[in-house]
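Novice: The structure is given below, and queries will be raised subsequently.
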Amino acid sequence: MIRFENITAAYNQQIAVDNISFEVSKPTIVGILGPNGAGKSTFLKAALGLIPATGLVMYKNEPLQKNQQEVAYVEQKSAIDYTFPITVAEVVSLGIYPHLKPWSSMKNQWGKVKTALETVDMQNFAKRQIGELSGGQFQRVLLARTLVQDASLIFLDEPFVGIDATSEQIIMGLLHKLKEQGKTIFIVHHDLSKVSEYFDEILLLKQQKIVYGTVQEVFTPHYLKAAYGDSILVGGDFA
Ligand SMILES: Nc1ncnc2c1ncn2[C@@H]1O[C@H](COP(=O)(O)OP(=O)(O)OP(=O)(O)O)[C@@H](O)[C@H]1O
């Protein structure tokens with residue numbers, strides 16, 4: 001279904017992501033894990049063509065660039081300007097633009113925005129400025145934007161940083177439902193404690209791919225040590 005082939009990216013001639021290849025063959029929730037600075041965010045940006053990179057991503061036997069409307073990407077929260085004057089409903093409506101034909105208007109689209117906000121339980125915040133939201137509320141708004149986009153491939157960079165356990169559970173529940181609807185979701189994540197609950201498959205990387213496989217295949221002392229070094233407590237509290 002989606003195949004990453006030899007994805008490589010560098011900053012100032014310093015390789016950050018080296019020759020990463022793997023394939024996902026059915027709707028899946030994929031965790032992208034590895035230590036700080038391993039290249040997780042860089043891998044997403046390189047695969048999506050957001051930074052200069054080499055390699056290829058094939059989706060349904062075509063280069064992914066030909067299927068941009070199938071891609072939803074939510075960047076790390078630290079990269080977002082919260083002072084930008086825009087309302088919650090407007091942020092969500094941005095997800096619709098890739099689908100709008102030049103001659104159609106937004107007028108008939110607000111129903112979709114409303115439904116998406118209801119799904120993430122943020123309907124009462126539609127007219128609020130984004131700068132007035134908590135971290136978890138904002139993350140749910142970004143998920144609503146992804147819902148209206150109705151993309152088949154969803155890429156989320158550290159979506160749970162700074163949000164409470166309840167919001168995290170709500171978002172994870174929604175993502176599992178989206179997978180059941182046939183979507184594939186890639187999540188950059190750093191907390192190892194809920195991995196088997198959250199993900200079907202894992203890309204473990206440290207500049208290069210260490211391993212790609214099911215949680216059972218990847219979560220072995222051998223691979224964890226290769227990624228995190230000797231300090232990792234296998235079978236204990238990973239957080
Ligand atoms: N814009 C940039 N310019 C130069 N170097 C960068 C840039 N962004 C990332 N790097 C470097 O590339 C490497 C990979 O960074 P990246 O942010 O992809 O790692 P990560 O696994 O997502 O890290 P973290 O878990 O800390 O968020 C790091 O060594 C980082 O310092």
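Going by the structure tokens order, chains are called A, B, ..., each with residues numbered from 1, while ligands are numbered from 1 in the order shown.
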Go through chain A and flag each residue having an atom no more than 7 Å from ligand 1; for those, report the closest pair of atoms plus their distance in Å to one decimal, using only C-alpha atoms and all ligand atoms, ordered by chain and rising number, as a Markdown table.

Specialist:
| residue | atom | partner | partner_atom_place_in_ligand_line | distance |
| --- | --- | --- | --- | --- |
| A:Tyr11 | CA | ligand 1 | 4 (C) | 4.8 |
| A:Asn12 | CA | ligand 1 | 4 (C) | 6.7 |
| A:Ala16 | CA | ligand 1 | 12 (O) | 4.7 |
| A:Gly34 | CA | ligand 1 | 21 (O) | 6.1 |
| A:Pro35 | CA | ligand 1 | 25 (O) | 5.8 |
| A:Asn36 | CA | ligand 1 | 26 (O) | 3.5 |
| A:Gly37 | CA | ligand 1 | 19 (O) | 3.5 |
| A:Ala38 | CA | ligand 1 | 21 (O) | 3.7 |
| A:Gly39 | CA | ligand 1 | 18 (O) | 3.3 |
| A:Lys40 | CA | ligand 1 | 21 (O) | 3.8 |
| A:Ser41 | CA | ligand 1 | 22 (O) | 3.8 |
| A:Thr42 | CA | ligand 1 | 18 (O) | 3.6 |
| A:Phe43 | CA | ligand 1 | 18 (O) | 6.4 |
| A:His190 | CA | ligand 1 | 25 (O) | 6.4 |

Novice: I need the alpha helix (DSSP H) residues of stretch 68-213 of chain A per DSSP on the backbone, written as a ChimeraX atom specification.

Specialist: /A:88-93,110-119,135-149,165-180,195-198

Novice: Give the answer as one residue: which of A:Val188, A:Val120, A:Leu133, A:Val211 has the shortest atom-to-atom distance to A:Gln169, using only C-alpha atoms?

Specialist: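 Looking only at the distances to A:Gln169, the closest residue turns out to be A:Val120.
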
Novice: Which is closer to A:Ala72 than all the others in A:Leu174, A:Leu192, A:Val17, A:Leu153, using only C-alpha atoms?

Specialist: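 Of A:Leu174, A:Leu192, A:Val17, A:Leu153, the one nearest A:Ala72 is A:Leu153, counting only C-alpha atoms.
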
Novice: List as a tab-separated table every residue of stretch 138-187 of chain A that is in contact with stretch 198-210 of chain A, defined as an atom at most 10 Å from one of its atoms (using only C-alpha atoms), together with the nearest atom pair and the distance in Å rounded to one decimal, sorted by chain and then rising number.

Specialist:
residue	atom	partner	partner_atom	distance
A:Gln169	CA	A:Tyr198	CA	9.7
A:Met172	CA	A:Tyr198	CA	7.1
A:Gly173	CA	A:Tyr198	CA	9.2
A:Leu175	CA	A:Tyr198	CA	9.4
A:His176	CA	A:Tyr198	CA	8.5
A:Ile185	CA	A:Phe199	CA	9.5
A:Phe186	CA	A:Ile202	CA	9.3
A:Ile187	CA	A:Phe199	CA	8.8

Novice: Write the selection just made, keeping N, CA and C atoms, as a short mmCIF file (atom, residue, chain, number, x, y, z; two decimals), in the first residue's frame?

Specialist:
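This went into selection23.cif:
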data_model
loop_
_atom_site.label_atom_id
_atom_site.label_comp_id
_atom_site.auth_asym_id
_atom_site.auth_seq_id
_atom_site.Cartn_x
_atom_site.Cartn_y
_atom_site.Cartn_z
N GLN A 169 -6.23 9.69 25.58
CA GLN A 169 -7.10 8.52 25.37
C GLN A 169 -8.16 8.81 24.30
N MET A 172 -6.47 8.84 20.92
CA MET A 172 -6.05 7.48 20.50
C MET A 172 -7.27 6.65 20.09
N GLY A 173 -8.39 6.81 20.83
CA GLY A 173 -9.62 6.10 20.47
C GLY A 173 -10.09 6.48 19.08
N LEU A 175 -8.24 7.68 16.67
CA LEU A 175 -7.28 7.18 15.66
C LEU A 175 -7.53 5.70 15.37
N HIS A 176 -7.89 4.95 16.41
CA HIS A 176 -8.20 3.53 16.17
C HIS A 176 -9.44 3.39 15.30
N ILE A 185 -2.05 5.46 9.88
CA ILE A 185 -1.66 6.59 10.72
C ILE A 185 -0.22 6.39 11.21
N PHE A 186 0.61 7.39 11.01
CA PHE A 186 2.00 7.35 11.47
C PHE A 186 2.13 8.35 12.61
N ILE A 187 2.65 7.89 13.74
CA ILE A 187 2.74 8.76 14.91
C ILE A 187 4.17 8.76 15.45
#
